[in-house]
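Chemist: To be precise about what I am sending: the file is called input31.cif and holds mmCIF, C-alpha atoms.
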data_work
#
loop_
_atom_site.label_atom_id
_atom_site.label_comp_id
_atom_site.auth_asym_id
_atom_site.auth_seq_id
_atom_site.Cartn_x
_atom_site.Cartn_y
_atom_site.Cartn_z
CA MET X 1 38.46 20.84 152.44
CA GLN X 2 36.26 22.13 155.22
CA SER X 3 35.68 25.51 153.58
CA ALA X 4 34.03 23.75 150.63
CA ASN X 5 31.32 22.49 152.96
CA PRO X 6 29.91 25.23 155.22
CA ASP X 7 27.72 22.74 157.15
CA LEU X 8 30.74 20.56 157.92
CA ALA X 9 32.79 23.58 158.95
CA LYS X 10 29.98 24.66 161.29
CA LEU X 11 29.73 21.15 162.76
CA LYS X 12 33.50 20.96 163.29
CA SER X 13 33.48 24.34 165.00
CA ALA X 14 30.66 23.25 167.30
CA MET X 15 32.47 20.02 168.18
CA LYS X 16 35.65 21.91 168.98
CA ALA X 17 33.67 24.19 171.29
CA LEU X 18 32.08 21.11 172.88
CA TRP X 19 35.42 19.50 173.74
CA THR X 20 37.05 22.77 174.74
CA ALA X 21 34.33 23.48 177.28
CA GLY X 22 34.99 22.43 180.85
CA ASP X 23 38.29 20.81 181.80
CA PHE X 24 38.62 17.35 180.28
CA SER X 25 41.78 16.62 182.24
CA GLN X 26 39.64 16.38 185.39
CA ILE X 27 37.49 13.70 183.73
CA ALA X 28 40.44 11.88 182.19
CA SER X 29 42.25 11.58 185.52
CA PHE X 30 39.71 8.96 186.61
CA THR X 31 40.45 6.70 183.61
CA ALA X 32 44.24 7.15 183.69
CA THR X 33 44.89 3.70 185.16
CA GLU X 34 42.84 1.98 182.45
CA ALA X 35 44.65 4.07 179.83
CA GLU X 36 47.92 2.64 181.13
CA ASN X 37 46.44 -0.86 180.87
CA PHE X 38 45.30 -0.19 177.30
CA VAL X 39 48.76 0.99 176.25
CA GLU X 40 50.49 -1.87 178.05
CA ARG X 41 48.36 -4.45 176.20
CA ILE X 42 49.52 -3.04 172.86
CA GLY X 43 53.10 -3.96 173.75
CA ILE X 44 54.79 -0.94 172.16
CA PRO X 45 58.51 -1.63 171.53
CA ALA X 46 60.99 1.05 172.61
CA GLY X 47 61.90 3.32 169.72
CA SER X 48 58.53 2.94 168.00
CA LYS X 49 56.91 5.94 166.37
CA VAL X 50 53.45 6.41 167.91
CA LEU X 51 50.57 8.72 167.02
CA ASP X 52 47.89 9.30 169.66
CA VAL X 53 44.77 10.63 167.92
CA ALA X 54 42.34 12.74 169.98
CA CYS X 55 44.86 12.48 172.80
CA GLY X 56 43.04 14.73 175.27
CA SER X 57 45.20 15.50 178.28
CA GLY X 58 47.71 12.74 177.57
CA ASN X 59 46.24 9.63 179.20
CA THR X 60 47.66 7.32 176.52
CA SER X 61 50.42 9.50 175.06
CA ILE X 62 52.36 9.65 178.31
CA PRO X 63 52.37 5.88 179.06
CA ALA X 64 53.45 5.26 175.45
CA ALA X 65 56.35 7.70 175.90
CA LYS X 66 57.29 6.03 179.16
CA ALA X 67 57.50 2.75 177.24
CA GLY X 68 60.26 4.33 175.17
CA ALA X 69 58.25 5.35 172.12
CA GLU X 70 58.60 8.55 170.12
CA VAL X 71 55.09 9.98 170.55
CA ILE X 72 53.04 12.66 168.84
CA GLY X 73 49.63 13.48 170.29
CA VAL X 74 46.97 15.42 168.36
CA ASP X 75 43.68 16.85 169.60
CA ILE X 76 41.16 19.51 168.55
CA ALA X 77 41.02 21.10 172.03
CA PRO X 78 43.89 23.52 172.75
CA ASN X 79 43.16 23.60 176.48
CA SER X 80 43.45 19.81 176.74
CA LEU X 81 46.79 20.00 174.93
CA GLU X 82 48.01 22.57 177.44
CA LYS X 83 47.09 20.19 180.26
CA ALA X 84 48.83 17.34 178.43
CA ARG X 85 52.05 19.34 178.03
CA ALA X 86 52.01 20.29 181.71
CA ARG X 87 51.46 16.68 182.77
CA ALA X 88 54.24 15.42 180.50
CA ALA X 89 56.59 17.97 182.04
CA ARG X 90 55.61 16.90 185.57
CA GLU X 91 56.19 13.25 184.71
CA ASP X 92 59.46 14.03 182.89
CA VAL X 93 58.56 12.54 179.52
CA THR X 94 58.78 13.98 176.02
CA VAL X 95 55.67 14.06 173.85
CA ASP X 96 55.04 16.33 170.85
CA PHE X 97 51.48 17.59 171.43
CA ARG X 98 49.84 19.34 168.47
CA GLU X 99 46.41 20.67 167.58
CA GLY X 100 44.92 18.45 164.89
CA ASP X 101 41.83 16.80 163.40
CA ALA X 102 41.31 13.02 163.33
CA GLU X 103 39.76 13.40 159.88
CA GLN X 104 42.75 15.33 158.46
CA LEU X 105 45.93 13.99 160.01
CA GLN X 106 48.82 16.19 158.90
CA PHE X 107 51.33 13.39 158.42
CA PRO X 108 52.64 11.48 155.37
CA ASP X 109 51.46 7.97 154.59
CA ALA X 110 52.99 5.14 156.63
CA SER X 111 54.56 7.43 159.25
CA PHE X 112 53.87 5.48 162.45
CA ASP X 113 54.39 2.01 163.88
CA VAL X 114 51.39 2.41 166.19
CA VAL X 115 48.35 4.66 165.79
CA LEU X 116 46.17 4.66 168.88
CA THR X 117 43.08 6.43 170.14
CA MET X 118 41.22 5.92 173.41
CA PHE X 119 37.67 7.28 173.72
CA GLY X 120 38.69 9.94 171.20
CA ALA X 121 38.53 9.43 167.43
CA MET X 122 35.21 7.62 167.89
CA PHE X 123 33.58 11.05 168.34
CA ALA X 124 34.70 12.49 164.98
CA PRO X 125 31.68 13.07 162.70
CA ARG X 126 32.75 10.99 159.67
CA PRO X 127 33.85 7.52 160.83
CA GLU X 128 34.81 6.19 157.40
CA ILE X 129 37.21 9.10 156.91
CA VAL X 130 38.62 8.59 160.41
CA ALA X 131 39.23 4.90 159.70
CA ALA X 132 40.94 5.73 156.42
CA GLU X 133 43.18 8.33 158.08
CA LEU X 134 44.16 6.07 160.98
CA LEU X 135 45.18 3.37 158.50
CA ARG X 136 46.82 5.76 156.04
CA VAL X 137 49.39 7.09 158.51
CA CYS X 138 50.16 3.60 159.90
CA LYS X 139 53.08 1.64 158.47
CA PRO X 140 52.44 -1.75 156.79
CA GLY X 141 52.48 -4.33 159.58
CA GLY X 142 51.83 -1.59 162.13
CA ILE X 143 49.01 -1.48 164.65
CA VAL X 144 45.90 0.69 164.82
CA ALA X 145 44.54 0.43 168.36
CA MET X 146 41.20 1.89 169.44
CA ALA X 147 39.29 1.94 172.71
CA ASN X 148 35.61 2.69 172.01
CA TRP X 149 32.65 2.85 174.38
CA THR X 150 30.07 0.16 173.57
CA PRO X 151 26.37 0.97 173.09
CA GLN X 152 25.47 -1.69 175.69
CA GLY X 153 27.87 -0.43 178.37
CA PHE X 154 27.29 2.13 181.09
CA VAL X 155 28.77 5.05 179.13
CA GLY X 156 26.95 4.17 175.92
CA LYS X 157 23.63 4.01 177.74
CA SER X 158 24.40 7.31 179.45
CA PHE X 159 24.94 8.95 176.06
CA GLN X 160 21.59 7.60 174.90
CA LEU X 161 19.91 8.98 178.00
CA THR X 162 21.33 12.46 177.44
CA ALA X 163 20.24 12.32 173.79
CA LYS X 164 16.62 12.02 174.94
CA HIS X 165 16.92 15.47 176.50
CA VAL X 166 19.28 17.12 174.01
CA PRO X 167 19.24 15.80 170.43
CA PRO X 168 22.76 14.94 169.25
CA PRO X 169 24.24 16.38 166.03
CA PRO X 170 23.25 14.64 162.76
CA ILE X 171 26.21 12.25 162.64
CA PRO X 172 26.51 8.47 163.10
CA PRO X 173 26.31 7.65 166.83
CA PRO X 174 29.90 7.53 168.15
CA VAL X 175 29.17 4.35 170.12
CA LEU X 176 28.73 2.42 166.86
CA TRP X 177 32.53 2.22 166.99
CA GLY X 178 31.96 -0.02 170.02
CA GLU X 179 30.07 -2.58 167.95
CA GLU X 180 32.52 -5.27 166.84
CA ALA X 181 30.90 -5.81 163.44
CA VAL X 182 30.95 -2.07 162.71
CA ALA X 183 34.56 -1.61 163.82
CA ARG X 184 35.64 -4.55 161.66
CA GLN X 185 33.73 -3.25 158.64
CA ARG X 186 35.19 0.26 158.95
CA LEU X 187 38.77 -1.00 159.36
CA ASN X 188 38.52 -3.91 156.92
CA SER X 189 39.99 -2.14 153.91
CA GLY X 190 43.76 -2.09 154.14
CA THR X 191 44.13 -4.46 157.09
CA LYS X 192 45.12 -8.11 157.33
CA GLN X 193 43.77 -8.74 160.82
CA VAL X 194 41.29 -7.07 163.20
CA ASP X 195 40.84 -8.32 166.76
CA CYS X 196 38.22 -7.03 169.19
CA VAL X 197 37.97 -7.70 172.92
CA ARG X 198 35.50 -6.22 175.39
CA GLN X 199 37.21 -4.58 178.35
CA GLN X 200 36.08 -2.88 181.55
CA VAL X 201 37.08 0.42 183.11
CA HIS X 202 36.44 0.96 186.81
CA PHE X 203 34.89 4.35 187.51
CA LEU X 204 35.66 5.18 191.13
CA TYR X 205 34.70 8.65 192.28
CA PRO X 206 35.20 9.95 195.84
CA PHE X 207 31.69 11.39 195.93
CA THR X 208 28.05 10.35 195.76
CA PRO X 209 26.16 9.62 192.50
CA ARG X 210 24.54 13.06 192.66
CA GLU X 211 27.92 14.71 193.19
CA THR X 212 29.30 12.62 190.32
CA VAL X 213 26.70 14.14 188.01
CA ASN X 214 27.69 17.61 189.25
CA PHE X 215 31.33 16.75 188.61
CA PHE X 216 30.57 15.89 184.97
CA ARG X 217 28.35 18.94 184.67
CA LEU X 218 31.26 21.11 185.81
CA TYR X 219 34.16 19.55 183.90
CA PHE X 220 32.90 17.40 180.97
CA GLY X 221 32.29 19.62 177.95
CA PRO X 222 29.48 17.56 176.35
CA THR X 223 27.58 17.39 179.66
CA GLN X 224 28.20 21.06 180.37
CA MET X 225 26.89 22.06 176.95
CA ALA X 226 23.87 19.75 177.21
CA PHE X 227 22.75 21.46 180.41
CA ALA X 228 23.37 24.89 178.87
CA ARG X 229 20.82 24.12 176.13
CA LEU X 230 18.01 23.42 178.61
CA ASP X 231 15.80 25.63 180.75
CA GLU X 232 15.70 25.19 184.52
CA ALA X 233 13.08 22.45 184.46
CA GLY X 234 14.92 20.63 181.70
CA GLN X 235 18.16 20.83 183.63
CA GLU X 236 16.52 19.34 186.72
CA ALA X 237 15.07 16.50 184.64
CA LEU X 238 18.40 15.75 182.98
CA ALA X 239 20.27 15.82 186.31
CA SER X 240 17.75 13.40 187.80
CA ASP X 241 17.95 11.04 184.83
CA MET X 242 21.75 11.14 184.86
CA GLU X 243 21.92 10.40 188.56
CA ALA X 244 19.64 7.34 188.35
CA PRO X 245 22.05 4.95 186.55
CA TRP X 246 24.98 6.03 188.71
CA ALA X 247 22.93 5.21 191.79
CA GLU X 248 21.50 1.99 190.31
CA HIS X 249 24.88 0.53 189.30
CA ASN X 250 26.87 1.88 192.23
CA THR X 251 28.50 -0.96 194.20
CA ALA X 252 29.91 1.31 196.92
CA ASN X 253 28.06 1.97 200.16
CA ASP X 254 30.41 4.46 201.78
CA GLY X 255 29.32 7.69 200.10
CA THR X 256 31.50 7.15 197.04
CA THR X 257 30.57 5.94 193.55
CA SER X 258 31.93 2.72 192.01
CA VAL X 259 30.64 1.67 188.58
CA MET X 260 32.06 -0.50 185.78
CA GLY X 261 32.02 0.74 182.19
CA GLU X 262 32.47 -1.39 179.09
CA TYR X 263 34.54 -0.55 176.03
CA LEU X 264 35.71 -2.38 172.93
CA ASP X 265 39.49 -2.81 172.55
CA VAL X 266 40.14 -2.92 168.81
CA ARG X 267 43.46 -3.92 167.21
CA ALA X 268 43.93 -3.75 163.46
CA VAL X 269 47.13 -4.83 161.69
CA ARG X 270 47.87 -2.70 158.64
CA ALA X 271 48.29 -4.69 155.45
#
So that I can check it, write out the structure of this file as structure tokens.
Modeler:
Amino acid sequence: MQSANPDLAKLKSAMKALWTAGDFSQIASFTATEAENFVERIGIPAGSKVLDVACGSGNTSIPAAKAGAEVIGVDIAPNSLEKARARAAREDVTVDFREGDAEQLQFPDASFDVVLTMFGAMFAPRPEIVAAELLRVCKPGGIVAMANWTPQGFVGKSFQLTAKHVPPPPIPPPVLWGEEAVARQRLNSGTKQVDCVRQQVHFLYPFTPRETVNFFRLYFGPTQMAFARLDEAGQEALASDMEAPWAEHNTANDGTTSVMGEYLDVRAVRA
């Protein structure tokens, strides 16, 4: 499929490099509590078959397994999967972590009771194909659950800010998945109900806004790669622009950083 489209294959390769850069597990550790909340709200019955798409280092896979589900997690970044396996072993849970593409899920139709993705599948380049795949592998009456950053929230605005310095790839903006009307439209075919609720994640970092930017620059692949594409002056300008919203929205006054980020919690019931 990909070999028939060299441009798509090149884009996929670049995106894999983007998410393999850095160490996403360091970033994910600061949203682990909200990932547990997200999974808990789904209400996954013990014994359910669950697929976690773009699972990263296991933030949602592991809580789902702890709830008694049989979980498979797929991601395009092998290093994140290694971190996920190590974390699952530490926490004494069983999850089958595999390398995989949200646009080409290697599972038969109607394989899972719950298909979930948190801040993951929203970044795949072809959203209509992602939506079709998420629904295809979900059983009739099953749940497709997504957590997607909103354009209006802190993270969405941060992505827009970075895009002013480093043009994003020619794909639909990932944060469109955080628009309720768009999420409903993309998941409409093959569903009998779609519910959307705006939720908040509390970003709490034990360092200053400037150090928070450095943290993302060190560990978050997209930020790391953005800086790598700029000269020294461009890097200084991007760092300054990234620091500004962290400082502006920071509610802490003790040398740490406390900011709220908005995401859209999407639940679709497969027809």
Chemist: Using 8 Å as the limit and counting all atoms listed in the file, can you tabulate each residue of segment 26-86 of chain X that touches segment 120-133 of chain X, with its shortest atom-to-atom distance in Å and the two atoms involved, as a tab-separated table?
Modeler:
residue	atom	partner	partner_atom	distance
X:Val53	CA	X:Ala121	CA	6.4
X:Ala54	CA	X:Gly120	CA	4.8
X:Cys55	CA	X:Gly120	CA	6.9
X:Gly56	CA	X:Gly120	CA	7.6
Chemist: For atom CA of Glu262 of chain X and atom CA of Ser189 of chain X, determine how far apart the two atoms are, in Å to one decimal place.
Modeler: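 Going from atom CA of Glu262 of chain X over to atom CA of Ser189 of chain X covers 26.3 Å.
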Chemist: Kindly indicate which residue among X:Lys16, X:Gly142, X:Glu70, X:Thr33 lies nearest to Ala102 of chain X, using only C-alpha atoms for the distances.
Modeler: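 Of all the options, X:Lys16 lies closest to Ala102 of chain X.
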Chemist: With the file shown as input, list the residues that the PyMOL selection byres ((chain X and resi 135-141) around 8) selects, as a ChimeraX atom specification.
Modeler: /X:105,107-115,131-134,142-144,187,190,269-271
Chemist: What lies within 7 Å of Arg267 of chain X using all atoms listed in the file, ignoring chain neighbours under 6 positions off, as a PyMOL selection string?
Modeler: chain X and resi 143-146+194-196
Chemist: Set the distance at 9 Å and use only C-alpha atoms: which residues neighbour Met260 of chain X once local chain neighbours fewer than 6 positions away are removed? I'd like the list as a PyMOL selection string.
Modeler: chain X and resi 153-154+200-204+249-250
Chemist: What do you get, as an NGL selection string, if you spell out every residue that the PyMOL selection byres ((chain X and resi 34-42) around 8) selects here?
Modeler: :X and (31-33 or 43-44 or 59-60 or 63-64 or 118 or 145 or 147 or 201-202 or 265)
Chemist: Tell me, in Å to one decimal, how far atom CA of Ala226 of chain X is from atom CA of Ser13 of chain X.
Modeler: 16.2 Å
Chemist: Would you mind completing segment 133-150 of chain X so that it carries N, CA and C atoms, and writing it out as a compact mmCIF listing (two decimals), keeping the file's coordinate frame?
Modeler:
# COMPACT_ATOMS: atom_id res chain seq x y z
N GLU X 133 42.02 7.53 157.62
CA GLU X 133 43.18 8.33 158.08
C GLU X 133 44.04 7.55 159.07
N LEU X 134 43.40 6.86 160.02
CA LEU X 134 44.16 6.07 160.98
C LEU X 134 45.02 5.04 160.27
N LEU X 135 44.45 4.40 159.25
CA LEU X 135 45.18 3.37 158.50
C LEU X 135 46.21 3.98 157.57
N ARG X 136 45.90 5.12 157.00
CA ARG X 136 46.82 5.76 156.04
C ARG X 136 48.17 6.09 156.67
N VAL X 137 48.14 6.64 157.89
CA VAL X 137 49.39 7.09 158.51
C VAL X 137 50.13 5.96 159.22
N CYS X 138 49.54 4.75 159.25
CA CYS X 138 50.16 3.60 159.90
C CYS X 138 51.02 2.83 158.89
N LYS X 139 52.19 2.40 159.33
CA LYS X 139 53.08 1.64 158.47
C LYS X 139 52.51 0.25 158.18
N PRO X 140 52.82 -0.35 157.04
CA PRO X 140 52.44 -1.75 156.79
C PRO X 140 52.98 -2.64 157.91
N GLY X 141 52.10 -3.49 158.45
CA GLY X 141 52.48 -4.33 159.58
C GLY X 141 52.32 -3.64 160.91
N GLY X 142 52.02 -2.35 160.90
CA GLY X 142 51.83 -1.59 162.13
C GLY X 142 50.45 -1.83 162.73
N ILE X 143 50.24 -1.25 163.90
CA ILE X 143 49.01 -1.48 164.65
C ILE X 143 48.17 -0.21 164.75
N VAL X 144 46.89 -0.34 164.48
CA VAL X 144 45.90 0.69 164.82
C VAL X 144 45.11 0.16 166.01
N ALA X 145 45.20 0.86 167.13
CA ALA X 145 44.54 0.43 168.36
C ALA X 145 43.51 1.47 168.78
N MET X 146 42.28 1.00 169.03
CA MET X 146 41.20 1.89 169.44
C MET X 146 40.55 1.36 170.72
N ALA X 147 40.14 2.27 171.57
CA ALA X 147 39.29 1.94 172.71
C ALA X 147 38.01 2.75 172.53
N ASN X 148 36.88 2.05 172.34
CA ASN X 148 35.61 2.69 172.01
C ASN X 148 34.51 2.24 172.96
N TRP X 149 33.78 3.19 173.51
CA TRP X 149 32.65 2.85 174.38
C TRP X 149 31.64 2.02 173.60
N THR X 150 31.07 1.00 174.23
CA THR X 150 30.07 0.16 173.57
C THR X 150 28.66 0.72 173.81
